[in-house]
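Pasting target.csv here (CSV, C-alpha atoms and all ligand atoms):
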chain,number,residue,atom,x,y,z
A,1423,MET,CA,11.2,21.9,-10.0
A,1424,LYS,CA,8.0,20.7,-8.4
A,1425,ASN,CA,7.2,17.1,-7.8
A,1426,ILE,CA,4.1,16.1,-9.9
A,1427,PHE,CA,2.7,14.1,-6.9
A,1428,ASN,CA,2.3,17.4,-5.0
A,1429,GLU,CA,-0.3,18.7,-7.4
A,1430,THR,CA,-4.0,18.7,-6.7
A,1431,TYR,CA,-6.3,18.3,-9.6
A,1432,ASP,CA,-7.3,22.0,-9.4
A,1433,ALA,CA,-3.7,23.1,-9.3
A,1434,LEU,CA,-2.9,21.1,-12.4
A,1435,GLU,CA,-5.8,22.6,-14.3
A,1436,ASP,CA,-4.5,26.0,-13.4
A,1437,TYR,CA,-1.0,24.9,-14.6
A,1438,PHE,CA,-2.3,23.8,-18.0
A,1439,ILE,CA,-4.2,27.1,-18.4
A,1440,SER,CA,-1.1,29.0,-17.4
A,1441,ILE,CA,0.9,27.4,-20.2
A,1442,ASN,CA,-1.9,28.1,-22.7
A,1443,ASP,CA,-2.7,24.4,-22.9
A,1444,LYS,CA,-6.1,22.7,-22.5
A,1445,LYS,CA,-7.6,22.4,-19.1
A,1446,TYR,CA,-8.6,18.8,-19.8
A,1447,ARG,CA,-5.0,17.7,-19.8
A,1448,ALA,CA,-5.3,17.6,-16.0
A,1449,THR,CA,-7.9,14.8,-16.5
A,1450,GLN,CA,-5.6,13.0,-18.9
A,1451,LEU,CA,-2.6,13.3,-16.6
A,1452,TYR,CA,-4.6,12.2,-13.5
A,1453,ASP,CA,-5.8,9.2,-15.5
A,1454,PHE,CA,-2.2,8.2,-16.2
A,1455,LEU,CA,-0.8,8.8,-12.8
A,1456,TYR,CA,-3.6,7.5,-10.6
A,1457,LYS,CA,-5.7,5.1,-12.7
A,1458,LYS,CA,-3.3,3.6,-15.1
A,1459,ARG,CA,-0.3,4.2,-12.8
A,1460,ILE,CA,2.0,5.2,-15.6
A,1461,TYR,CA,4.7,7.4,-14.3
A,1462,THR,CA,6.9,7.9,-17.4
A,1463,ILE,CA,5.8,10.9,-19.5
A,1464,ASP,CA,7.0,9.3,-22.8
A,1465,ASN,CA,4.5,6.4,-22.2
A,1466,MET,CA,1.5,8.7,-21.8
A,1467,ASN,CA,0.4,8.1,-25.4
A,1468,ASN,CA,-2.4,10.6,-25.9
A,1469,ILE,CA,-0.6,13.6,-24.6
A,1470,PRO,CA,0.9,15.8,-27.3
A,1471,LYS,CA,4.6,16.2,-27.7
A,1472,ASN,CA,4.7,19.9,-26.7
A,1473,THR,CA,2.8,19.2,-23.5
A,1474,LYS,CA,5.1,16.4,-22.7
A,1475,GLU,CA,8.1,18.7,-23.1
A,1476,MET,CA,6.6,21.3,-20.8
A,1477,LEU,CA,5.8,18.7,-18.2
A,1478,LYS,CA,9.3,17.4,-18.3
A,1479,LYS,CA,10.7,20.9,-17.9
A,1480,ASP,CA,8.4,21.8,-15.0
A,1481,PHE,CA,7.9,18.7,-12.9
A,1482,SER,CA,9.9,15.9,-11.5
A,1483,PHE,CA,8.4,12.4,-11.2
A,1484,ASN,CA,10.7,11.3,-8.4
A,1485,PHE,CA,9.8,8.6,-5.9
A,1486,ILE,CA,10.9,7.9,-2.4
A,1487,LYS,CA,12.4,4.4,-1.9
A,1488,ILE,CA,11.3,1.3,0.0
A,1489,GLU,CA,14.3,0.6,2.2
A,1490,LYS,CA,13.0,-2.3,4.2
A,1491,LYS,CA,9.9,-4.4,4.6
A,1492,GLN,CA,8.9,-6.5,7.6
A,1493,THR,CA,5.9,-8.9,7.9
A,1494,ASP,CA,3.9,-10.1,10.9
A,1495,GLU,CA,0.5,-11.7,11.0
A,1496,ASN,CA,-1.9,-9.4,9.1
A,1497,VAL,CA,0.6,-6.5,9.1
A,1498,LYS,CA,3.5,-5.2,7.0
A,1499,LYS,CA,5.8,-2.4,8.1
A,1500,TYR,CA,7.6,-0.4,5.5
A,1501,LEU,CA,10.7,1.7,6.1
A,1502,PHE,CA,11.1,4.4,3.4
A,1503,ARG,CA,14.2,6.4,2.5
A,1504,LEU,CA,13.3,9.9,1.3
A,1505,LEU,CA,15.3,11.7,-1.3
A,1506,ASP,CA,17.3,13.6,1.4
A,1507,ASP,CA,18.0,10.3,3.2
A,1508,SER,CA,15.5,10.9,6.0
A,1509,LEU,CA,13.6,7.8,7.1
A,1510,ILE,CA,9.9,7.3,7.8
A,1511,GLU,CA,7.6,4.3,8.3
A,1512,SER,CA,4.1,3.2,7.2
A,1513,VAL,CA,2.1,0.2,8.4
A,1514,LEU,CA,-0.2,-1.8,6.3
A,1515,MET,CA,-3.0,-3.7,8.0
A,1516,TYR,CA,-5.3,-6.4,6.7
A,1517,HIS,CA,-8.7,-6.1,8.3
A,1518,ASP,CA,-11.9,-8.1,7.6
A,1519,TYR,CA,-13.4,-4.9,6.1
A,1520,GLY,CA,-10.5,-4.0,3.9
A,1521,ILE,CA,-6.8,-3.0,3.8
A,1522,SER,CA,-5.7,0.0,5.6
A,1523,LEU,CA,-2.5,2.0,5.5
A,1524,CYS,CA,-1.2,4.1,8.4
A,1525,VAL,CA,0.9,6.9,6.9
A,1526,SER,CA,3.5,9.2,8.4
A,1527,SER,CA,3.1,13.0,8.0
A,1528,GLN,CA,6.4,14.3,9.4
A,1529,VAL,CA,10.1,13.3,9.9
A,1530,GLY,CA,10.1,13.1,13.7
A,1531,CYS,CA,7.5,14.9,15.8
A,1532,ASN,CA,7.5,17.9,18.1
A,1533,MET,CA,4.6,17.1,20.3
A,1534,GLY,CA,6.7,15.2,22.8
A,1535,CYS,CA,4.1,12.8,24.2
A,1536,LYS,CA,6.0,11.1,26.9
A,1537,PHE,CA,4.9,7.6,26.1
A,1538,CYS,CA,5.5,7.7,22.3
A,1539,GLU,CA,8.5,6.4,20.6
A,1540,SER,CA,7.9,8.4,17.4
A,1541,GLY,CA,8.4,11.7,19.3
A,1542,ARG,CA,11.8,10.8,20.7
A,1543,LEU,CA,13.3,12.3,17.5
A,1544,LYS,CA,12.3,16.0,17.3
A,1545,LYS,CA,10.7,17.1,14.1
A,1546,VAL,CA,13.3,17.4,11.4
A,1547,ARG,CA,10.8,18.6,8.8
A,1548,ASN,CA,7.3,18.3,7.4
A,1549,LEU,CA,6.6,15.7,4.7
A,1550,GLU,CA,5.7,17.1,1.4
A,1551,THR,CA,2.4,15.9,-0.1
A,1552,TYR,CA,4.2,13.7,-2.6
A,1553,GLU,CA,6.1,11.9,0.2
A,1554,ILE,CA,2.8,11.0,1.9
A,1555,LEU,CA,1.1,10.0,-1.3
A,1556,GLU,CA,4.0,7.8,-2.5
A,1557,GLN,CA,3.8,5.7,0.6
A,1558,VAL,CA,0.4,4.6,-0.8
A,1559,LEU,CA,1.4,4.3,-4.4
A,1560,LEU,CA,4.6,2.3,-3.7
A,1561,ILE,CA,3.0,-0.2,-1.3
A,1562,GLU,CA,0.0,-0.7,-3.7
A,1563,LYS,CA,2.5,-1.5,-6.5
A,1564,ASP,CA,4.8,-3.6,-4.3
A,1565,LEU,CA,2.0,-5.9,-3.2
A,1566,ASN,CA,-0.3,-5.5,-6.2
A,1567,ILE,CA,-3.2,-4.5,-3.9
A,1568,LYS,CA,-5.7,-1.8,-3.6
A,1569,ILE,CA,-5.6,0.0,-0.2
A,1570,THR,CA,-9.2,0.8,0.9
A,1571,HIS,CA,-8.6,2.9,4.0
A,1572,ILE,CA,-6.0,5.4,5.1
A,1573,VAL,CA,-5.3,6.4,8.7
A,1574,ILE,CA,-3.0,9.4,9.2
A,1575,MET,CA,-1.6,8.2,12.5
A,1576,GLY,CA,2.0,7.3,11.7
A,1577,ILE,CA,5.0,9.4,12.7
A,1578,GLY,CA,4.1,13.1,13.0
A,1579,GLU,CA,1.3,15.4,14.0
A,1580,PRO,CA,-0.8,16.0,10.9
A,1581,PHE,CA,-2.2,19.3,12.0
A,1582,ASP,CA,1.3,20.6,12.4
A,1583,ASN,CA,1.7,20.0,8.7
A,1584,TYR,CA,-1.8,21.1,7.7
A,1585,ASP,CA,-1.5,22.2,4.1
A,1586,ASN,CA,0.6,19.3,2.8
A,1587,VAL,CA,-1.6,16.7,4.6
A,1588,MET,CA,-4.8,18.3,3.3
A,1589,ASN,CA,-3.4,18.3,-0.3
A,1590,PHE,CA,-2.7,14.6,0.2
A,1591,ILE,CA,-6.4,14.1,1.1
A,1592,ARG,CA,-7.5,16.2,-1.9
A,1593,ILE,CA,-5.4,14.1,-4.3
A,1594,ILE,CA,-6.4,10.7,-2.9
A,1595,THR,CA,-10.1,11.6,-2.8
A,1596,SER,CA,-10.2,13.2,-6.3
A,1597,ASN,CA,-12.8,11.5,-8.5
A,1598,LYS,CA,-10.4,12.1,-11.4
A,1599,GLY,CA,-7.9,9.8,-9.8
A,1600,ILE,CA,-7.8,7.3,-6.9
A,1601,ASP,CA,-11.2,8.4,-5.8
A,1602,MET,CA,-11.0,7.1,-2.2
A,1603,GLY,CA,-14.1,7.9,-0.1
A,1604,SER,CA,-13.5,10.6,2.5
A,1605,ARG,CA,-15.2,8.4,5.1
A,1606,HIS,CA,-12.4,5.8,4.5
A,1607,ILE,CA,-9.9,8.3,5.8
A,1608,THR,CA,-9.1,9.0,9.4
A,1609,ILE,CA,-6.9,11.8,10.7
A,1610,SER,CA,-5.6,11.6,14.3
A,1611,THR,CA,-4.4,14.7,16.2
A,1612,CYS,CA,-3.1,15.3,19.7
A,1613,GLY,CA,-5.5,18.2,19.9
A,1614,LEU,CA,-4.2,21.2,18.0
A,1615,ILE,CA,-7.2,23.4,18.2
A,1616,PRO,CA,-6.5,25.8,15.3
A,1617,GLY,CA,-6.1,22.7,13.0
A,1618,ILE,CA,-9.4,21.2,14.2
A,1619,LYS,CA,-11.1,24.5,13.4
A,1620,ARG,CA,-9.8,24.7,9.9
A,1621,PHE,CA,-10.5,21.0,9.3
A,1622,MET,CA,-14.2,21.2,10.1
A,1623,ASN,CA,-14.6,23.7,7.3
A,1624,ASP,CA,-12.3,22.0,4.8
A,1625,PHE,CA,-13.1,18.3,5.2
A,1626,SER,CA,-16.3,17.6,7.0
A,1627,GLN,CA,-16.5,14.0,5.7
A,1628,VAL,CA,-13.0,12.8,6.7
A,1629,ASN,CA,-13.0,11.0,10.1
A,1630,LEU,CA,-11.5,12.8,13.1
A,1631,ALA,CA,-9.8,11.1,16.0
A,1632,ILE,CA,-8.5,12.9,19.0
A,1633,SER,CA,-5.7,11.6,21.2
A,1634,LEU,CA,-7.1,12.4,24.6
A,1635,HIS,CA,-5.4,9.9,26.9
A,1636,ALA,CA,-6.5,11.6,30.2
A,1637,PRO,CA,-9.7,12.8,31.8
A,1638,ASN,CA,-8.2,16.0,33.2
A,1639,ASP,CA,-5.5,18.6,32.7
A,1640,LYS,CA,-3.4,17.4,35.6
A,1641,ILE,CA,-2.8,14.0,34.2
A,1642,ARG,CA,-2.7,15.2,30.6
A,1643,ASN,CA,-0.1,17.8,31.3
A,1644,LYS,CA,2.2,15.1,32.7
A,1645,ILE,CA,2.1,12.9,29.6
A,1646,MET,CA,1.2,15.3,26.7
A,1647,PRO,CA,3.1,18.6,26.8
A,1648,ILE,CA,0.7,20.1,24.2
A,1649,SER,CA,-2.0,20.1,26.8
A,1650,LYS,CA,-0.4,23.0,28.5
A,1651,VAL,CA,-1.0,25.0,25.3
A,1652,TYR,CA,-4.5,23.7,24.6
A,1653,LYS,CA,-6.5,23.0,27.7
A,1654,LEU,CA,-8.9,20.1,27.9
A,1655,ASN,CA,-12.0,22.2,28.3
A,1656,GLU,CA,-11.1,24.2,25.2
A,1657,LEU,CA,-10.4,21.0,23.3
A,1658,ILE,CA,-13.8,19.5,24.3
A,1659,LYS,CA,-15.5,22.8,23.3
A,1660,VAL,CA,-14.0,22.7,19.9
A,1661,VAL,CA,-14.8,19.1,19.4
A,1662,LYS,CA,-18.5,19.9,20.2
A,1663,GLU,CA,-18.3,22.7,17.6
A,1664,TYR,CA,-16.9,20.2,15.1
A,1665,ILE,CA,-19.8,17.8,15.8
A,1666,ASN,CA,-22.4,20.5,15.4
A,1667,LYS,CA,-20.9,21.7,12.2
A,1668,THR,CA,-20.2,18.3,10.5
A,1669,ASN,CA,-22.8,16.0,12.1
A,1670,ARG,CA,-20.0,13.4,12.4
A,1671,ARG,CA,-19.1,11.3,15.3
A,1672,VAL,CA,-15.6,11.8,16.7
A,1673,THR,CA,-13.3,9.1,18.1
A,1674,PHE,CA,-11.4,9.7,21.3
A,1675,GLU,CA,-8.3,7.6,21.7
A,1676,TYR,CA,-7.2,6.7,25.2
A,1677,VAL,CA,-4.0,4.8,25.6
A,1678,MET,CA,-4.0,2.7,28.8
A,1679,LEU,CA,-0.9,3.4,30.9
A,1680,GLU,CA,-0.6,1.5,34.1
A,1681,ASN,CA,-0.9,3.7,37.3
A,1682,THR,CA,-0.9,6.8,35.2
A,1683,ASN,CA,-4.4,7.2,33.6
A,1684,ASP,CA,-6.0,3.8,34.3
A,1685,SER,CA,-7.7,4.2,37.7
A,1686,LEU,CA,-11.4,3.5,37.9
A,1687,GLU,CA,-11.8,7.2,39.0
A,1688,CYS,CA,-10.2,8.1,35.7
A,1689,ALA,CA,-12.8,6.0,33.9
A,1690,LYS,CA,-15.7,7.8,35.8
A,1691,GLU,CA,-14.2,11.2,35.1
A,1692,LEU,CA,-13.7,10.3,31.5
A,1693,ALA,CA,-17.3,9.2,31.2
A,1694,ASN,CA,-18.5,12.5,32.8
A,1695,LEU,CA,-16.3,14.5,30.5
A,1696,LEU,CA,-17.6,13.0,27.4
A,1697,LYS,CA,-21.3,12.7,28.5
A,1698,GLY,CA,-23.7,13.8,25.8
A,1699,ILE,CA,-21.0,14.0,23.1
A,1700,ASN,CA,-21.6,12.0,19.9
A,1701,CYS,CA,-18.4,9.9,20.1
A,1702,TYR,CA,-16.6,6.6,20.2
A,1703,VAL,CA,-14.0,5.9,22.9
A,1704,ASN,CA,-11.2,3.8,21.7
A,1705,LEU,CA,-9.1,2.3,24.5
A,1706,ILE,CA,-5.6,1.5,23.3
A,1707,PRO,CA,-3.6,-1.1,25.2
A,1708,TYR,CA,-0.2,0.6,25.5
A,1709,ASN,CA,2.5,-0.8,23.4
A,1710,GLU,CA,5.7,-0.9,25.4
A,1711,THR,CA,9.0,0.1,23.9
A,1712,GLU,CA,12.4,-0.5,25.3
A,1713,ASN,CA,13.4,3.1,25.6
A,1714,ILE,CA,10.3,4.3,27.6
A,1715,GLU,CA,9.4,3.3,31.1
A,1716,PHE,CA,5.6,3.4,30.8
A,1717,LYS,CA,3.8,0.0,31.3
A,1718,ARG,CA,0.7,-1.3,29.7
A,1719,SER,CA,-2.4,-1.5,32.0
A,1720,LYS,CA,-3.3,-5.0,33.2
A,1721,LYS,CA,-5.8,-6.8,31.0
A,1722,ASN,CA,-8.3,-6.9,33.8
A,1723,ARG,CA,-8.0,-3.2,34.5
A,1724,ILE,CA,-8.6,-2.4,30.8
A,1725,LEU,CA,-11.8,-4.5,31.0
A,1726,GLU,CA,-13.0,-2.8,34.2
A,1727,PHE,CA,-12.3,0.6,32.6
A,1728,TYR,CA,-14.2,-0.5,29.5
A,1729,ASP,CA,-17.2,-1.6,31.6
A,1730,ILE,CA,-17.5,1.8,33.4
A,1731,ILE,CA,-17.5,3.7,30.1
A,1732,LYS,CA,-19.9,1.2,28.6
A,1733,LYS,CA,-22.3,1.4,31.6
A,1734,ASN,CA,-22.4,5.2,31.1
A,1735,GLY,CA,-24.1,4.5,27.7
A,1736,MET,CA,-21.1,5.3,25.6
A,1737,ASN,CA,-19.7,3.6,22.5
A,1738,VAL,CA,-16.4,2.1,23.6
A,1739,THR,CA,-14.0,-0.4,22.0
A,1740,ILE,CA,-10.6,-1.8,22.8
A,1741,ARG,CA,-8.2,-1.4,19.9
A,1742,LYS,CA,-7.2,-4.6,18.3
A,1743,GLU,CA,-3.5,-5.2,18.5
A,1744,PHE,CA,-1.4,-5.2,15.3
A,1745,GLY,CA,2.2,-5.6,14.6
A,1746,THR,CA,3.8,-5.5,18.1
A,1747,ASN,CA,6.3,-8.3,17.1
A,1748,ILE,CA,7.8,-6.1,14.4
A,1749,SER,CA,7.5,-2.8,16.3
A,1750,ALA,CA,4.8,-1.7,13.9
A,1751,ALA,CA,2.1,-0.9,16.5
A,1752,CYS,CA,0.9,2.6,17.6
A,1753,GLY,CA,3.6,4.6,19.1
A,1754,GLN,CA,6.4,2.2,18.1
A,1755,LEU,CA,7.3,3.8,14.7
A,1756,ARG,CA,10.5,5.7,14.5
A,1757,THR,CA,12.9,7.3,12.1
A,1758,LYS,CA,16.2,6.2,13.6
A,1759,ARG,CA,19.1,4.6,11.8
A,1760,GLU,CA,19.1,1.7,14.3
A,1761,ASP,CA,16.1,0.3,12.3
A,1762,LEU,CA,18.3,-0.5,9.3
B,1,LIG,N1,0.2,12.8,16.3
B,1,LIG,C1,-1.1,12.2,16.1
B,1,LIG,C2,-1.0,10.9,15.3
B,1,LIG,C3,0.1,9.9,15.7
B,1,LIG,S1,0.0,8.8,17.0
B,1,LIG,C4,-1.8,12.0,17.4
B,1,LIG,O1,-1.2,12.3,18.4
B,1,LIG,O2,-2.9,11.6,17.4
B,1,LIG,C5,-1.3,7.7,16.8
B,1,LIG,C6,-1.9,7.2,18.2
B,1,LIG,O3,-1.1,6.3,18.8
B,1,LIG,C7,-2.1,8.4,19.1
B,1,LIG,O4,-3.3,8.3,19.8
B,1,LIG,C8,-0.9,8.2,20.1
B,1,LIG,O5,-1.1,8.9,21.3
B,1,LIG,C9,-0.9,6.7,20.2
B,1,LIG,N2,0.3,6.1,20.8
B,1,LIG,C10,1.5,6.7,20.9
B,1,LIG,N3,2.4,5.9,21.5
B,1,LIG,C11,1.7,4.8,21.8
B,1,LIG,C12,2.1,3.5,22.3
B,1,LIG,N4,3.3,3.3,22.7
B,1,LIG,N5,1.1,2.6,22.5
B,1,LIG,C13,-0.1,2.8,22.0
B,1,LIG,N6,-0.5,3.9,21.5
B,1,LIG,C14,0.4,4.9,21.3
Give the structure from this file in structure tokens form.
Ligand code: SAH
Amino acid sequence: MKNIFNETYDALEDYFISINDKKYRATQLYDFLYKKRIYTIDNMNNIPKNTKEMLKKDFSFNFIKIEKKQTDENVKKYLFRLLDDSLIESVLMYHDYGISLCVSSQVGCNMGCKFCESGRLKKVRNLETYEILEQVLLIEKDLNIKITHIVIMGIGEPFDNYDNVMNFIRIITSNKGIDMGSRHITISTCGLIPGIKRFMNDFSQVNLAISLHAPNDKIRNKIMPISKVYKLNELIKVVKEYINKTNRRVTFEYVMLENTNDSLECAKELANLLKGINCYVNLIPYNETENIEFKRSKKNRILEFYDIIKKNGMNVTIRKEFGTNISAACGQLRTKREDL
């Protein structure tokens, strides 16, 4: 039996046609699920009895469960228990421009970035679309809020779970349902080139962020194993193609690790590497975790680094810190039982 929250609008239309029902039932169902937020078929009053019976037979309406919730200034971290007992986390952030949710896309992660807590547990499995979507639905219901922005930057590498993540974006942006603007969604990748190539054709309006973290292969190989598979010059080349094709600005994320990638030479090399590319550079003060030895760059060094990038005429920002007190910040999310 399929979970109803896996179904894109188009797939539901096809389903209703396949059971010799009316195509517009897809509109009705999306209206209940995503506008009225009614999840019990028997309460969907204008859907005929026969259709209800078919839906009950063909789909489950199961939800993942909120296991734990922690609150810090402007942040809430949610731990979810999936139906198979796996655990994932999401982080809700209150910004001045809206409320954004950072969702997870996998249980564990195989990318193995040396500085990241989330990758200490190898990938157990991909999340299904409904497991990504329900992070949004459950938190909106729990707090009675409307989430305005989504960042796909929690646990997992979204381009290693391409189809399920893309269906999540299709569902959440559908104008028959939640209707979130594509430009309110950001997907972050460690640089899986085949994924970026597909993505530029499929979703040209969704924001793309690249976890760069080094200005050359030598340093990048040390901290991001994936860079041995996809070299920096190939990555930069495909990002240029992406920009040509979509006319969108890309964000490069650069986590500031003391004595690893934070020298002033690195800053100059980075500025050179990205010269002429329509991009933002987002410097991320490293969030330390007890299990990993990397240290955050000194505040002054981050500012000097920032100045060099800025003086080269680039758009650069230092990421605002969120949720370090409750281990909800970038790279601190995990799926381990010790969280319970
Ligand atoms: N797999 C995706 C998305 C998840 S990580 C990716 O690699 O982009 C989201 C961002 O947080 C990435 O840029 C990641 O490199 C960064 N990050 C990981 N650990 C961190 C830490 N401890 N402190 C700060 N940022 C971290």
Could you check which of A:Lys1457, A:Phe1427, A:Leu1686, A:Phe1438 is closest to Asp1729 in chain A, using all atoms listed in the file? A:Leu1686
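Within 7 Å of range 1595-1601 of chain A there are Thr1449, Tyr1452, Asp1453, Tyr1456, Lys1457, Ile1591, Arg1592, Ile1593, Gly1603 and Ser1604 of chain A, counting only C-alpha atoms and ignoring same-chain residues fewer than 2 positions away.
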Suppose we keep C-alpha atoms; can you now write the selection as a PDB file, in the frame of the given file?
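File produced: selection-v6.pdb:
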ATOM      1  CA  THR A1449      -7.900  14.800 -16.500  1.00  0.00           C
ATOM      2  CA  TYR A1452      -4.600  12.200 -13.500  1.00  0.00           C
ATOM      3  CA  ASP A1453      -5.800   9.200 -15.500  1.00  0.00           C
ATOM      4  CA  TYR A1456      -3.600   7.500 -10.600  1.00  0.00           C
ATOM      5  CA  LYS A1457      -5.700   5.100 -12.700  1.00  0.00           C
ATOM      6  CA  ILE A1591      -6.400  14.100   1.100  1.00  0.00           C
ATOM      7  CA  ARG A1592      -7.500  16.200  -1.900  1.00  0.00           C
ATOM      8  CA  ILE A1593      -5.400  14.100  -4.300  1.00  0.00           C
ATOM      9  CA  GLY A1603     -14.100   7.900  -0.100  1.00  0.00           C
ATOM     10  CA  SER A1604     -13.500  10.600   2.500  1.00  0.00           C
TER      11      SER A1604
END
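Our summary of the geometry notes that CA of Glu1556 in chain A is positioned 13.7 Å from CA of Leu1514 in chain A.
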Within-8 Å residues of ligand LIG 1 (chain B), basis only C-alpha atoms and all ligand atoms, as a VMD selection string: chain A and resid 1531 1533 1535 1537 to 1540 1574 to 1580 1609 to 1613 1631 to 1635 1675 to 1678 1706 to 1711 1751 to 1754
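Distances from A:Ile1439, A:Glu1429, A:Lys1458, A:Asp1494 to Glu1550 in chain A were compared using only C-alpha atoms, and the smallest one belongs to A:Glu1429.
Rounded to one decimal, CA of Asn1643 in chain A and CA of Ile1714 in chain A lie 17.4 Å from each other.
With all atoms listed in the file as the atoms that count, the minimum distance from Ile1572 in chain A to the choices A:Leu1523, A:Val1738, A:Ala1750, A:Val1558 is reached by A:Leu1523.
Between CA of Asn1586 in chain A and CA of Ser1508 in chain A there is a distance of 17.4 Å.
Here the question is which of A:Lys1499, A:Lys1536, A:Leu1614, A:Ser1626 gets nearest to Ile1645 in chain A using only C-alpha atoms, and that residue is A:Lys1536.
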Considering all atoms listed in the file, return as a ChimeraX atom specification whatever protein or nucleic-acid residues lie within 9 Å of Ile1441 in chain A, sequence-local ones (same chain, fewer than 4 positions apart) excluded. /A:1436-1437,1476
Selection from above, C-alpha atoms, as an mmCIF file, keeping the file's coordinate frame, can you write it?
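Listing of selection_13.cif after writing:
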data_model
loop_
_atom_site.group_PDB
_atom_site.id
_atom_site.type_symbol
_atom_site.label_atom_id
_atom_site.label_comp_id
_atom_site.auth_asym_id
_atom_site.auth_seq_id
_atom_site.Cartn_x
_atom_site.Cartn_y
_atom_site.Cartn_z
ATOM 1 C CA ASP A 1436 -4.500 26.000 -13.400
ATOM 2 C CA TYR A 1437 -1.000 24.900 -14.600
ATOM 3 C CA MET A 1476 6.600 21.300 -20.800
#
Would you list the contacts of Ser1512 in chain A as a compact mmCIF listing (two decimals) with C-alpha atoms, in the frame of the given file, taking every protein, DNA or RNA residue within 6 Å and counting all atoms listed in the file, but skipping same-chain residues closer than 5 positions in sequence?
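Result went into result.txt, see below:
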# COMPACT_ATOMS: atom_id res chain seq x y z
CA LYS A 1499 5.80 -2.40 8.10
CA TYR A 1500 7.60 -0.40 5.50
CA CYS A 1524 -1.20 4.10 8.40
CA VAL A 1525 0.90 6.90 6.90
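Each of A:Thr1673, A:Gln1627, A:Gln1492, A:Ser1649 was compared to Ser1749 in chain A using only C-alpha atoms, and A:Gln1492 turns out to be the nearest.
For the residues A:Met1466, A:Leu1755, A:Ile1521, A:Ile1488, ranking by smallest atom-to-atom distance to Asp1507 in chain A using all atoms listed in the file places A:Ile1488 first.
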Write out as an MDAnalysis selection string which residues come within 10 Å of Met1588 in chain A when counting all atoms listed in the file, dropping same-chain ones fewer than 6 positions away. chainID A and resid 1551 1580:1581 1594 1621 1624:1625
